[in-house]
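Below is the file structure-v7.cif, which contains mmCIF, C-alpha atoms.
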```cif
data_protein
#
loop_
_atom_site.label_atom_id
_atom_site.label_comp_id
_atom_site.auth_asym_id
_atom_site.auth_seq_id
_atom_site.Cartn_x
_atom_site.Cartn_y
_atom_site.Cartn_z
CA MET A 1 1.78 8.97 -40.06
CA GLU A 2 1.17 5.98 -37.83
CA ASP A 3 -0.65 7.26 -34.79
CA LYS A 4 -2.37 4.10 -33.67
CA GLY A 5 -2.64 3.80 -29.90
CA GLN A 6 -1.54 7.32 -29.15
CA GLY A 7 -4.62 7.84 -27.09
CA LEU A 8 -4.33 4.48 -25.40
CA VAL A 9 -3.42 3.91 -21.75
CA PHE A 10 -2.44 0.53 -20.27
CA VAL A 11 -2.99 0.07 -16.54
CA VAL A 12 -1.16 -2.93 -15.11
CA ASP A 13 -1.79 -3.86 -11.48
CA ASP A 14 -2.27 -7.29 -9.98
CA GLU A 15 -4.91 -5.68 -7.78
CA GLU A 16 -7.88 -5.54 -10.11
CA MET A 17 -9.63 -2.93 -7.99
CA VAL A 18 -6.79 -0.46 -8.54
CA ALA A 19 -6.70 -1.03 -12.29
CA LEU A 20 -10.50 -0.71 -12.54
CA ALA A 21 -10.63 2.43 -10.39
CA ILE A 22 -8.09 4.15 -12.64
CA GLN A 23 -9.91 2.94 -15.74
CA SER A 24 -13.24 4.31 -14.47
CA PHE A 25 -11.70 7.66 -13.76
CA LEU A 26 -9.89 8.01 -17.09
CA GLN A 27 -12.95 6.87 -19.00
CA LEU A 28 -15.13 9.38 -17.21
CA ASP A 29 -12.80 12.32 -17.36
CA THR A 30 -10.67 11.87 -20.49
CA ASP A 31 -11.06 10.63 -24.05
CA TYR A 32 -8.24 8.10 -23.84
CA GLY A 33 -8.85 4.45 -24.43
CA VAL A 34 -7.95 2.40 -21.36
CA ARG A 35 -7.03 -1.26 -21.08
CA THR A 36 -6.44 -2.96 -17.74
CA PHE A 37 -4.27 -5.98 -17.02
CA THR A 38 -3.75 -7.89 -13.79
CA SER A 39 -0.77 -9.76 -15.21
CA PRO A 40 2.32 -8.01 -16.58
CA ALA A 41 2.99 -10.98 -18.88
CA ALA A 42 -0.43 -10.57 -20.51
CA ALA A 43 0.19 -6.86 -21.03
CA LEU A 44 3.60 -7.54 -22.58
CA GLU A 45 2.02 -9.84 -25.14
CA VAL A 46 0.02 -6.99 -26.69
CA VAL A 47 2.21 -3.98 -25.97
CA GLU A 48 4.05 -4.19 -29.30
CA LEU A 49 0.87 -4.52 -31.30
CA GLU A 50 -1.16 -1.84 -29.51
CA ARG A 51 1.64 0.62 -28.68
CA PRO A 52 -0.06 2.44 -25.80
CA GLY A 53 1.07 6.04 -25.42
CA VAL A 54 1.15 5.65 -21.64
CA ILE A 55 1.74 2.58 -19.47
CA ILE A 56 0.97 2.75 -15.75
CA ALA A 57 2.35 -0.18 -13.77
CA ASP A 58 2.30 -1.25 -10.14
CA PHE A 59 5.66 -2.13 -8.61
CA MET A 60 5.04 -5.27 -6.58
CA MET A 61 3.39 -7.89 -8.72
CA PRO A 62 3.76 -11.66 -8.56
CA GLY A 63 5.72 -13.14 -11.44
CA MET A 64 7.34 -9.92 -12.64
CA ASP A 65 7.95 -6.67 -10.80
CA GLY A 66 6.82 -3.40 -12.33
CA ILE A 67 10.33 -2.20 -13.16
CA THR A 68 11.23 -5.36 -15.06
CA PHE A 69 7.90 -5.12 -16.85
CA LEU A 70 8.47 -1.48 -17.83
CA ARG A 71 12.00 -2.29 -18.98
CA HIS A 72 10.58 -4.89 -21.37
CA CYS A 73 8.05 -2.31 -22.55
CA ARG A 74 10.84 0.13 -23.28
CA ASP A 75 12.66 -2.53 -25.33
CA VAL A 76 9.52 -3.02 -27.40
CA ASP A 77 8.50 0.63 -27.71
CA PRO A 78 11.08 3.19 -26.56
CA PHE A 79 8.75 6.12 -27.32
CA GLY A 80 6.00 5.04 -24.92
CA THR A 81 5.69 6.85 -21.59
CA ARG A 82 6.20 4.67 -18.54
CA ILE A 83 4.75 5.47 -15.11
CA LEU A 84 5.23 3.54 -11.88
CA LEU A 85 2.29 3.65 -9.46
CA THR A 86 3.19 2.10 -6.17
CA GLY A 87 2.43 1.90 -2.47
CA TYR A 88 6.05 2.00 -1.52
CA ALA A 89 8.95 0.87 -3.65
CA GLY A 90 11.82 2.47 -1.75
CA LYS A 91 14.54 4.79 -2.95
CA GLU A 92 16.70 2.05 -4.47
CA ASN A 93 13.86 0.79 -6.60
CA ALA A 94 12.86 4.28 -7.65
CA ILE A 95 16.42 4.85 -8.87
CA ARG A 96 16.41 1.47 -10.58
CA ALA A 97 13.16 2.35 -12.32
CA ILE A 98 14.55 5.60 -13.65
CA ASN A 99 17.81 4.09 -14.82
CA GLU A 100 16.63 0.75 -16.13
CA ALA A 101 13.15 1.42 -17.37
CA GLY A 102 13.48 5.07 -18.42
CA LEU A 103 10.73 6.00 -16.01
CA TYR A 104 8.79 9.17 -16.76
CA TYR A 105 6.99 9.51 -13.44
CA TYR A 106 6.82 7.87 -10.04
CA LEU A 107 3.35 8.08 -8.50
CA GLU A 108 2.55 7.00 -4.96
CA LYS A 109 -0.59 5.26 -3.81
CA PRO A 110 -3.06 6.51 -2.82
CA TRP A 111 -2.98 8.76 -5.85
CA SER A 112 -4.85 11.96 -6.62
CA ASN A 113 -6.94 11.70 -9.76
CA ASP A 114 -6.17 15.28 -10.78
CA HIS A 115 -2.47 14.60 -10.51
CA LEU A 116 -2.83 11.31 -12.33
CA LYS A 117 -4.70 12.98 -15.17
CA LEU A 118 -2.03 15.64 -15.51
CA VAL A 119 0.77 13.07 -15.57
CA VAL A 120 -1.09 10.90 -18.10
CA ARG A 121 -1.88 13.84 -20.34
CA ASN A 122 1.70 15.12 -20.29
CA GLY A 123 2.98 11.61 -20.82
CA MET A 124 0.65 11.10 -23.75
CA GLU A 125 1.82 14.36 -25.37
CA ARG A 126 5.40 13.36 -24.79
CA SER A 127 4.92 9.99 -26.53
CA ALA A 128 3.09 11.66 -29.41
CA LEU A 129 5.93 14.17 -29.81
CA PHE A 130 8.55 11.43 -29.78
CA ASN A 131 6.61 9.51 -32.39
CA GLU A 132 6.13 12.64 -34.47
CA LEU A 133 9.82 13.45 -34.20
CA ASP A 134 10.67 9.94 -35.27
CA THR A 135 8.35 10.20 -38.27
CA ARG A 136 9.79 13.59 -39.22
CA ILE A 137 13.35 12.34 -38.92
CA ALA A 138 12.49 9.37 -41.11
CA ALA A 139 10.88 11.71 -43.67
CA LEU A 140 13.93 13.97 -43.54
CA GLU A 141 16.23 11.02 -44.11
CA ASP A 142 14.11 9.90 -47.05
CA ALA A 143 14.18 13.38 -48.54
CA ASN A 144 17.91 13.57 -48.00
CA GLN A 145 18.38 10.25 -49.69
CA GLU A 146 16.23 11.38 -52.60
CA LEU A 147 18.25 14.56 -52.91
CA GLU A 148 21.47 12.59 -52.85
CA ASP A 149 20.18 10.25 -55.58
CA LEU A 150 19.16 13.24 -57.67
CA ARG A 151 22.57 14.83 -57.20
CA ARG A 152 24.31 11.65 -58.29
CA ARG A 153 22.10 11.33 -61.35
CA LEU A 154 22.70 14.96 -62.27
CA ILE A 155 26.43 14.55 -61.94
CA ALA A 156 26.29 11.34 -63.92
CA ALA A 157 24.24 13.03 -66.66
CA PHE A 158 26.59 15.97 -67.06
CA LEU A 159 29.93 14.24 -66.73
CA MET B 160 3.84 -40.71 6.83
CA THR B 161 3.27 -43.88 8.86
CA GLU B 162 0.96 -44.28 11.80
CA GLN B 163 3.93 -44.51 14.12
CA GLU B 164 5.35 -41.16 13.03
CA PHE B 165 1.93 -39.63 13.35
CA SER B 166 1.58 -40.61 17.00
CA LEU B 167 2.66 -38.39 19.84
CA PRO B 168 5.48 -39.34 22.16
CA GLN B 169 4.21 -39.91 25.69
CA SER B 170 6.97 -38.12 27.53
CA ALA B 171 8.50 -35.75 25.03
CA THR B 172 6.79 -32.79 26.58
CA ARG B 173 9.30 -30.65 28.32
CA PRO B 174 7.67 -28.73 31.10
CA VAL B 175 7.40 -25.12 30.11
CA GLY B 176 6.04 -22.75 32.66
CA ASP B 177 3.00 -20.76 31.62
CA THR B 178 4.72 -17.55 32.62
CA GLU B 179 7.85 -18.34 30.68
CA LEU B 180 5.87 -19.21 27.59
CA ALA B 181 3.68 -16.14 27.88
CA SER B 182 6.75 -13.96 28.13
CA LEU B 183 8.36 -15.56 25.08
CA VAL B 184 5.14 -15.18 23.10
CA SER B 185 4.87 -11.50 23.99
CA GLN B 186 8.51 -10.94 23.04
CA ALA B 187 7.89 -12.52 19.68
CA LYS B 188 4.69 -10.55 19.24
CA LEU B 189 6.54 -7.30 19.86
CA ALA B 190 9.30 -8.26 17.47
CA THR B 191 6.87 -8.97 14.67
CA LEU B 192 4.38 -6.24 15.47
CA GLY B 193 6.18 -3.50 13.56
CA MET B 194 6.49 -5.67 10.49
CA LEU B 195 2.88 -6.80 10.74
CA LEU B 196 1.63 -3.24 11.08
CA ALA B 197 3.60 -2.14 8.04
CA GLY B 198 2.20 -5.06 6.06
CA VAL B 199 -1.37 -4.47 7.17
CA ALA B 200 -1.05 -0.74 6.43
CA HIS B 201 0.07 -1.66 2.93
CA GLU B 202 -2.78 -4.13 2.53
CA ILE B 203 -5.33 -1.52 3.60
CA ASN B 204 -3.74 1.10 1.37
CA THR B 205 -4.77 -0.73 -1.78
CA PRO B 206 -8.55 -0.85 -1.23
CA LEU B 207 -8.35 2.58 0.40
CA GLY B 208 -6.68 3.99 -2.71
CA ALA B 209 -9.37 2.48 -4.92
CA ILE B 210 -12.21 3.83 -2.78
CA ASN B 211 -10.53 7.21 -2.53
CA SER B 212 -10.29 7.42 -6.31
CA ASN B 213 -13.85 6.18 -6.74
CA HIS B 214 -15.15 8.76 -4.31
CA ASP B 215 -13.53 11.43 -6.45
CA VAL B 216 -15.04 9.88 -9.59
CA LEU B 217 -18.47 9.96 -7.92
CA ARG B 218 -18.09 13.65 -7.20
CA ARG B 219 -17.06 14.36 -10.79
CA ALA B 220 -19.87 12.21 -12.18
CA MET B 221 -22.38 14.00 -9.98
CA SER B 222 -21.19 17.39 -11.20
CA LYS B 223 -21.34 16.29 -14.85
CA LEU B 224 -24.87 14.94 -14.36
CA GLN B 225 -25.96 18.18 -12.67
CA ASP B 226 -24.56 20.17 -15.60
CA ILE B 227 -26.46 18.05 -18.09
CA LEU B 228 -29.69 18.23 -16.11
CA ALA B 229 -29.37 22.01 -15.73
CA ASP B 230 -30.40 22.34 -19.39
CA GLU B 231 -34.08 22.26 -20.27
CA VAL B 232 -33.44 19.87 -23.12
CA VAL B 233 -31.11 16.93 -23.11
CA ASP B 234 -29.70 16.32 -26.57
CA GLU B 235 -28.29 13.14 -28.08
CA ASP B 236 -24.66 14.04 -27.26
CA GLU B 237 -25.55 14.67 -23.67
CA LEU B 238 -27.44 11.40 -23.54
CA GLU B 239 -24.32 9.62 -24.74
CA GLU B 240 -22.38 11.40 -21.99
CA VAL B 241 -24.93 10.18 -19.44
CA ARG B 242 -24.46 6.61 -20.69
CA ARG B 243 -20.72 7.00 -20.31
CA ILE B 244 -21.14 8.27 -16.76
CA VAL B 245 -23.43 5.37 -15.90
CA ARG B 246 -20.83 2.90 -17.20
CA ALA B 247 -18.18 4.50 -15.00
CA LEU B 248 -20.54 4.43 -12.00
CA ASP B 249 -21.27 0.78 -12.61
CA ALA B 250 -17.56 -0.03 -12.62
CA ILE B 251 -16.83 1.93 -9.45
CA LEU B 252 -19.67 0.20 -7.62
CA ARG B 253 -18.13 -3.16 -8.43
CA VAL B 254 -14.71 -1.98 -7.30
CA ASN B 255 -16.11 -0.56 -4.06
CA ASP B 256 -17.77 -3.90 -3.33
CA ILE B 257 -14.43 -5.66 -3.65
CA ALA B 258 -12.54 -2.98 -1.73
CA VAL B 259 -14.97 -2.81 1.20
CA GLU B 260 -15.08 -6.56 1.47
CA ARG B 261 -11.29 -6.72 1.43
CA MET B 262 -11.01 -4.24 4.30
CA ALA B 263 -13.74 -5.97 6.29
CA THR B 264 -11.97 -9.32 5.89
CA LEU B 265 -8.69 -7.79 6.97
CA VAL B 266 -10.20 -6.23 10.08
CA GLY B 267 -11.99 -9.50 10.87
CA SER B 268 -8.72 -11.35 10.49
CA LEU B 269 -6.89 -8.95 12.77
CA ARG B 270 -9.57 -9.40 15.39
CA SER B 271 -9.50 -13.16 15.00
CA PHE B 272 -5.68 -13.30 14.99
CA GLY B 273 -5.43 -11.29 18.16
CA ARG B 274 -8.32 -13.29 19.68
CA LEU B 275 -9.51 -10.09 21.29
CA ASP B 276 -12.94 -11.51 21.89
CA ARG B 277 -12.10 -15.04 23.03
CA ALA B 278 -11.09 -16.84 26.18
CA PRO B 279 -7.34 -17.62 26.37
CA ILE B 280 -8.09 -21.32 26.16
CA ASP B 281 -10.86 -22.40 23.87
CA TRP B 282 -12.10 -25.00 21.46
CA ALA B 283 -10.98 -23.46 18.21
CA ASP B 284 -11.22 -24.03 14.49
CA LEU B 285 -7.54 -24.19 13.50
CA HIS B 286 -8.38 -23.47 9.86
CA GLU B 287 -9.86 -20.14 10.91
CA GLY B 288 -6.61 -19.31 12.71
CA ILE B 289 -4.52 -20.24 9.68
CA ASP B 290 -6.77 -18.27 7.34
CA SER B 291 -6.66 -15.13 9.46
CA THR B 292 -2.90 -15.46 9.81
CA LEU B 293 -2.60 -15.76 6.03
CA ALA B 294 -4.86 -12.74 5.57
CA ILE B 295 -2.80 -10.44 7.76
CA LEU B 296 0.41 -11.76 6.22
CA GLY B 297 -0.93 -11.04 2.73
CA HIS B 298 1.76 -8.45 2.14
CA GLU B 299 4.60 -10.73 3.25
CA THR B 300 3.34 -13.70 1.23
CA ARG B 301 2.60 -11.76 -1.92
CA ALA B 302 5.18 -13.54 -4.05
CA VAL B 303 4.02 -16.93 -2.83
CA THR B 304 1.17 -19.11 -4.05
CA VAL B 305 -0.64 -20.55 -1.07
CA GLU B 306 -2.26 -23.91 -1.57
CA ARG B 307 -4.71 -24.95 1.14
CA ARG B 308 -5.20 -28.67 1.30
CA PHE B 309 -7.44 -28.60 4.32
CA GLY B 310 -8.98 -31.78 5.59
CA VAL B 311 -11.85 -31.91 8.06
CA LEU B 312 -10.63 -30.91 11.51
CA PRO B 313 -12.60 -31.08 14.75
CA PRO B 314 -12.45 -28.11 17.12
CA VAL B 315 -9.16 -28.31 19.00
CA ARG B 316 -8.75 -27.22 22.60
CA CYS B 317 -5.88 -24.72 22.59
CA HIS B 318 -4.60 -21.24 23.20
CA PRO B 319 -5.68 -19.94 19.78
CA ASP B 320 -3.52 -16.80 19.94
CA GLN B 321 -0.45 -18.90 20.72
CA LEU B 322 -1.10 -21.31 17.89
CA ASN B 323 -1.62 -18.36 15.56
CA GLN B 324 1.87 -17.31 16.55
CA VAL B 325 3.13 -20.72 15.41
CA TRP B 326 1.30 -20.51 12.08
CA MET B 327 2.69 -17.02 11.63
CA ASN B 328 6.26 -18.15 12.21
CA LEU B 329 5.93 -21.09 9.87
CA ILE B 330 4.21 -19.09 7.12
CA LEU B 331 6.70 -16.22 7.40
CA ASN B 332 9.66 -18.60 7.28
CA ALA B 333 8.23 -20.29 4.21
CA ALA B 334 7.59 -16.97 2.47
CA GLN B 335 11.06 -15.70 3.31
CA ALA B 336 12.59 -18.90 1.99
CA MET B 337 10.94 -18.20 -1.37
CA PRO B 338 11.58 -14.51 -2.14
CA ASP B 339 11.15 -15.15 -5.85
CA GLY B 340 7.92 -17.05 -5.46
CA GLY B 341 6.91 -20.66 -5.16
CA ALA B 342 4.20 -22.71 -3.54
CA LEU B 343 3.42 -22.85 0.16
CA THR B 344 1.28 -25.90 0.72
CA ILE B 345 -0.68 -26.19 3.94
CA GLU B 346 -2.13 -29.63 4.56
CA THR B 347 -4.28 -30.54 7.52
CA GLU B 348 -5.72 -33.85 8.65
CA HIS B 349 -7.45 -35.42 11.57
CA HIS B 350 -6.57 -38.85 12.92
CA ASP B 351 -8.26 -40.24 16.03
CA ASP B 352 -7.42 -37.89 18.89
CA ARG B 353 -4.79 -35.92 16.97
CA VAL B 354 -4.59 -33.35 14.23
CA ARG B 355 -1.66 -32.80 11.96
CA LEU B 356 -0.76 -29.64 10.06
CA VAL B 357 2.00 -29.59 7.47
CA PHE B 358 3.55 -26.42 6.06
CA GLY B 359 5.60 -27.25 2.98
CA ASP B 360 7.61 -24.74 0.97
CA GLU B 361 9.75 -24.86 -2.16
CA GLY B 362 12.47 -22.67 -0.73
CA CYS B 363 16.20 -23.03 -0.24
CA GLY B 364 15.84 -25.79 2.36
CA ILE B 365 17.78 -26.32 5.57
CA PRO B 366 21.13 -28.16 5.66
CA ALA B 367 20.98 -31.39 7.65
CA ALA B 368 23.47 -30.07 10.21
CA ALA B 369 21.28 -27.05 10.91
CA GLN B 370 18.01 -28.94 11.21
CA ALA B 371 18.73 -29.94 14.80
CA GLN B 372 19.57 -26.36 15.79
CA ILE B 373 16.66 -24.47 14.33
CA PHE B 374 14.30 -25.22 17.21
CA GLU B 375 16.91 -24.30 19.81
CA GLY B 376 16.81 -20.53 19.38
CA GLY B 377 19.40 -18.07 18.20
CA PHE B 378 19.56 -19.74 14.83
CA THR B 379 18.89 -17.46 11.91
CA THR B 380 20.03 -16.79 8.39
CA LYS B 381 18.02 -13.59 8.17
CA GLN B 382 19.80 -10.30 8.45
CA ARG B 383 18.97 -6.97 9.98
CA ARG B 384 15.94 -7.99 11.95
CA ILE B 385 15.30 -7.65 15.61
CA GLY B 386 14.16 -10.66 17.56
CA MET B 387 15.22 -13.10 14.91
CA GLY B 388 16.19 -16.64 15.67
CA LEU B 389 13.44 -17.00 18.24
CA GLY B 390 10.53 -17.89 15.97
CA LEU B 391 11.02 -21.62 15.85
CA LEU B 392 12.08 -21.90 19.47
CA ILE B 393 8.87 -20.18 20.50
CA SER B 394 6.90 -22.29 18.08
CA ARG B 395 8.36 -25.44 19.60
CA ARG B 396 7.63 -24.25 23.12
CA ILE B 397 4.04 -23.41 22.21
CA VAL B 398 3.50 -26.73 20.47
CA GLU B 399 5.04 -28.64 23.36
CA HIS B 400 2.92 -26.69 25.81
CA HIS B 401 -0.06 -28.05 23.84
CA ARG B 402 1.43 -31.54 24.29
CA GLY B 403 2.24 -31.69 20.61
CA ILE B 404 5.34 -32.04 18.49
CA ILE B 405 6.88 -29.95 15.75
CA ALA B 406 9.31 -31.49 13.30
CA VAL B 407 11.07 -30.56 10.10
CA GLU B 408 12.06 -32.49 7.03
CA SER B 409 14.21 -30.61 4.57
CA GLU B 410 16.35 -31.15 1.55
CA PRO B 411 18.64 -28.22 0.69
CA GLY B 412 17.55 -26.92 -2.70
CA SER B 413 14.11 -28.47 -2.72
CA GLY B 414 12.31 -26.97 0.24
CA SER B 415 11.22 -27.74 3.79
CA ARG B 416 8.19 -29.33 5.43
CA PHE B 417 7.27 -28.39 8.97
CA THR B 418 4.83 -30.76 10.63
CA VAL B 419 2.87 -29.85 13.74
CA THR B 420 0.96 -32.63 15.46
CA LEU B 421 -1.42 -31.71 18.26
CA PRO B 422 -3.78 -33.64 20.50
CA VAL B 423 -7.38 -32.54 20.04
CA SER B 424 -7.82 -32.35 23.83
CA GLY B 425 -5.15 -29.65 24.10
CA PRO B 426 -2.78 -28.73 26.91
#
```
Write-out of the structure in structure tokens:
Amino acid sequence: MEDKGQGLVFVVDDEEMVALAIQSFLQLDTDYGVRTFTSPAAALEVVELERPGVIIADFMMPGMDGITFLRHCRDVDPFGTRILLTGYAGKENAIRAINEAGLYYYLEKPWSNDHLKLVVRNGMERSALFNELDTRIAALEDANQELEDLRRRLIAAFL
Amino acid sequence: MTEQEFSLPQSATRPVGDTELASLVSQAKLATLGMLLAGVAHEINTPLGAINSNHDVLRRAMSKLQDILADEVVDEDELEEVRRIVRALDAILRVNDIAVERMATLVGSLRSFGRLDRAPIDWADLHEGIDSTLAILGHETRAVTVERRFGVLPPVRCHPDQLNQVWMNLILNAAQAMPDGGALTIETEHHDDRVRLVFGDEGCGIPAAAQAQIFEGGFTTKQRRIGMGLGLLISRRIVEHHRGIIAVESEPGSGSRFTVTLPVSGP
């Protein structure tokens, strides 16, 4: 089973101090790997390769807003968990985030570390379960296919 | 721009009463105050959030260290944990440096913008005024790349708080003309007894027919905002009160350039 990156968190915020503060906390208090990005474009370049279990993104970033960024992430890896961490994005944008980017959680700044940890942990479990389910379904399909082949061969042998 | 265009007209100054101008400036200040406060609150929220989180990390780190030190013997695993804690502490110190400096700059800019500590008329560094205006408009100009092409300017005799109001109007207009980003270029230069400041954007531009109206007041394309359509009128009044001129060049589709020319000797 491919489980690379299941313990990996991406933090994407154009404010480096926010990204670094979250990284320090998660590194101190959890065993997840954490990578920070101040540019959504740079994060997108590696998201497919590294498949982080959880992506935390700011909303207002120059170049690409957080919802557009998370939507691209979903296209690349639908099983990843996407979290928006924002000062204030407004109701319309929150709805947009849920509908367009398949948002898992909407966190407001300033955030509570305990709450953040809980959301990240649940999000990580959720991604792992999705991935596991996907692997199991693939295995089931393979087994089914094998069974079908066997059935055909049996029929062919006896007819 | 030629020397002729750079010179000031001798009699273009329309007399504007000090009281009238002061009243217009306070109206404009009130109209923008709510927006400014919201922006500044947002700007402070970012470093505050980082420091808040770091403070919590410090508390957790302290408790972990106390747990480790409570044992008589510190084993290799615990030593590794201590190293991990030290790495986190190192990172949060760096973040706190940035965050505290950001808040100090913001507060300094607010003070400087409001000119709380200065005489109403003063010899002022216009660059300082522009920089503090940019700092408190950080939230509004977030999508925009600001390029400072500052020359060497002498101190200019002026009402610094009024000129800050002009810079604010011009910067806000430029930012609002480029909601999806672009460059705001601010050029300054000194020539004999005059200084010139140019605010160029890459926004939607202003149709030729509208260019004559924009300084007259009541002209706006912005919706749902109180006190709109006064910004450029007030800016013109302030600039004229300083015996200067404000002018616009614009090409719809390729942006606008607002030029303010002021005499160094002031009003």
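Within 12 Å of Val119 of chain A, once all atoms listed in the file are used and residues closer than 4 positions along the same chain are dropped, the contacting residues are Val9, Leu26, Val54, Ile55, Ile56, Thr81, Arg82, Ile83, Leu84, Leu85, Tyr104, Tyr105, Tyr106, Leu107, Trp111, Ser112, Asn113, Asp114, His115, Gly123, Met124, Glu125 and Arg126 of chain A.
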Emit the selected residues as a JSON list (two decimals), in the coordinates of the input, including C-alpha atoms.
```json
[["chain", "number", "residue", "atom", "x", "y", "z"],
["A", 9, "VAL", "CA", -3.42, 3.91, -21.75],
["A", 26, "LEU", "CA", -9.89, 8.01, -17.09],
["A", 54, "VAL", "CA", 1.15, 5.65, -21.64],
["A", 55, "ILE", "CA", 1.74, 2.58, -19.47],
["A", 56, "ILE", "CA", 0.97, 2.75, -15.75],
["A", 81, "THR", "CA", 5.69, 6.85, -21.59],
["A", 82, "ARG", "CA", 6.20, 4.67, -18.54],
["A", 83, "ILE", "CA", 4.75, 5.47, -15.11],
["A", 84, "LEU", "CA", 5.23, 3.54, -11.88],
["A", 85, "LEU", "CA", 2.29, 3.65, -9.46],
["A", 104, "TYR", "CA", 8.79, 9.17, -16.76],
["A", 105, "TYR", "CA", 6.99, 9.51, -13.44],
["A", 106, "TYR", "CA", 6.82, 7.87, -10.04],
["A", 107, "LEU", "CA", 3.35, 8.08, -8.50],
["A", 111, "TRP", "CA", -2.98, 8.76, -5.85],
["A", 112, "SER", "CA", -4.85, 11.96, -6.62],
["A", 113, "ASN", "CA", -6.94, 11.70, -9.76],
["A", 114, "ASP", "CA", -6.17, 15.28, -10.78],
["A", 115, "HIS", "CA", -2.47, 14.60, -10.51],
["A", 123, "GLY", "CA", 2.98, 11.61, -20.82],
["A", 124, "MET", "CA", 0.65, 11.10, -23.75],
["A", 125, "GLU", "CA", 1.82, 14.36, -25.37],
["A", 126, "ARG", "CA", 5.40, 13.36, -24.79]]
```
Quick one: which chain B residues come within 7 Å of chain A, and what is the nearest atom pair for each with the distance in Å to one decimal, counting all atoms listed in the file, rows ordered by chain and ascending number, as CSV?
```
residue,atom,partner,partner_atom,distance
B:His201,CA,A:Gly87,CA,6.9
B:Asn204,CA,A:Pro110,CA,6.9
B:Gly208,CA,A:Pro110,CA,4.4
B:Ala209,CA,A:Val18,CA,5.3
B:Ser212,CA,A:Asn113,CA,6.4
B:Asn213,CA,A:Ala21,CA,6.1
B:Val216,CA,A:Phe25,CA,5.8
B:Arg243,CA,A:Leu28,CA,6.8
B:Ile244,CA,A:Leu28,CA,6.1
B:Ala247,CA,A:Ser24,CA,5.0
B:Ala250,CA,A:Ser24,CA,6.4
B:Ile251,CA,A:Ala21,CA,6.3
B:Val254,CA,A:Met17,CA,5.2
B:Ala258,CA,A:Met17,CA,6.9
B:Arg301,CA,A:Pro62,CA,6.7
B:Ala302,CA,A:Pro62,CA,5.1
```
What is the distance, in Å and to one decimal place, between atom CA of Phe59 of chain A and atom CA of Asp13 of chain A? 8.2 Å
For this structure, which residues satisfy the selection - the PyMOL selection byres ((chain B and resi 330-347) around 6) - when it is evaluated on the file as given? I want them as a tab-separated table (two decimals) with C-alpha atoms, in the frame of the given file.
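Listing of expr_9.tsv after writing:
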```tsv
chain	number	residue	atom	x	y	z
B	300	THR	CA	3.34	-13.70	1.23
B	302	ALA	CA	5.18	-13.54	-4.05
B	303	VAL	CA	4.02	-16.93	-2.83
B	304	THR	CA	1.17	-19.11	-4.05
B	305	VAL	CA	-0.64	-20.55	-1.07
B	306	GLU	CA	-2.26	-23.91	-1.57
B	307	ARG	CA	-4.71	-24.95	1.14
B	308	ARG	CA	-5.20	-28.67	1.30
B	309	PHE	CA	-7.44	-28.60	4.32
B	310	GLY	CA	-8.98	-31.78	5.59
B	326	TRP	CA	1.30	-20.51	12.08
B	327	MET	CA	2.69	-17.02	11.63
B	328	ASN	CA	6.26	-18.15	12.21
B	329	LEU	CA	5.93	-21.09	9.87
B	348	GLU	CA	-5.72	-33.85	8.65
B	355	ARG	CA	-1.66	-32.80	11.96
B	356	LEU	CA	-0.76	-29.64	10.06
B	357	VAL	CA	2.00	-29.59	7.47
B	358	PHE	CA	3.55	-26.42	6.06
B	359	GLY	CA	5.60	-27.25	2.98
B	360	ASP	CA	7.61	-24.74	0.97
B	361	GLU	CA	9.75	-24.86	-2.16
B	362	GLY	CA	12.47	-22.67	-0.73
B	363	CYS	CA	16.20	-23.03	-0.24
```
Select, from B:His349, B:Arg218, B:Gly297, B:His401, the residue with the minimum atom-to-atom distance to Arg316 of chain B, counting all atoms listed in the file. B:His401
For the provided coordinates, the residues matched by the PyMOL selection byres ((chain A and resi 49) around 12) should be stated as a PDB file with C-alpha atoms, keeping the file's coordinate frame.
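Output file selection-v5.pdb follows:
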```pdb
ATOM      1  CA  LYS A   4      -2.370   4.100 -33.670  1.00  0.00           C
ATOM      2  CA  GLY A   5      -2.640   3.800 -29.900  1.00  0.00           C
ATOM      3  CA  LEU A   8      -4.330   4.480 -25.400  1.00  0.00           C
ATOM      4  CA  ALA A  43       0.190  -6.860 -21.030  1.00  0.00           C
ATOM      5  CA  LEU A  44       3.600  -7.540 -22.580  1.00  0.00           C
ATOM      6  CA  GLU A  45       2.020  -9.840 -25.140  1.00  0.00           C
ATOM      7  CA  VAL A  46       0.020  -6.990 -26.690  1.00  0.00           C
ATOM      8  CA  VAL A  47       2.210  -3.980 -25.970  1.00  0.00           C
ATOM      9  CA  GLU A  48       4.050  -4.190 -29.300  1.00  0.00           C
ATOM     10  CA  GLU A  50      -1.160  -1.840 -29.510  1.00  0.00           C
ATOM     11  CA  ARG A  51       1.640   0.620 -28.680  1.00  0.00           C
ATOM     12  CA  PRO A  52      -0.060   2.440 -25.800  1.00  0.00           C
ATOM     13  CA  CYS A  73       8.050  -2.310 -22.550  1.00  0.00           C
ATOM     14  CA  VAL A  76       9.520  -3.020 -27.400  1.00  0.00           C
ATOM     15  CA  ASP A  77       8.500   0.630 -27.710  1.00  0.00           C
TER      16      ASP A  77
END
```
Near Ser424 of chain B, counting only C-alpha atoms, which residues have an atom at most 10 Å away, once you skip same-chain residues fewer than 2 positions from it, shown as a ChimeraX atom specification? /B:282,314-317,352-353,401-402,421-422,426
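The space between atom CA of Asp142 of chain A and atom CA of Asp75 of chain A spans 25.1 Å.
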Neighbouring residues of Ile295 of chain B were defined as those with any atom within 8 Å, considering only C-alpha atoms; residues of the same chain fewer than 6 positions away were excluded. Please report them as number ranges by chain. B: 195, 198-199, 265, 268-269
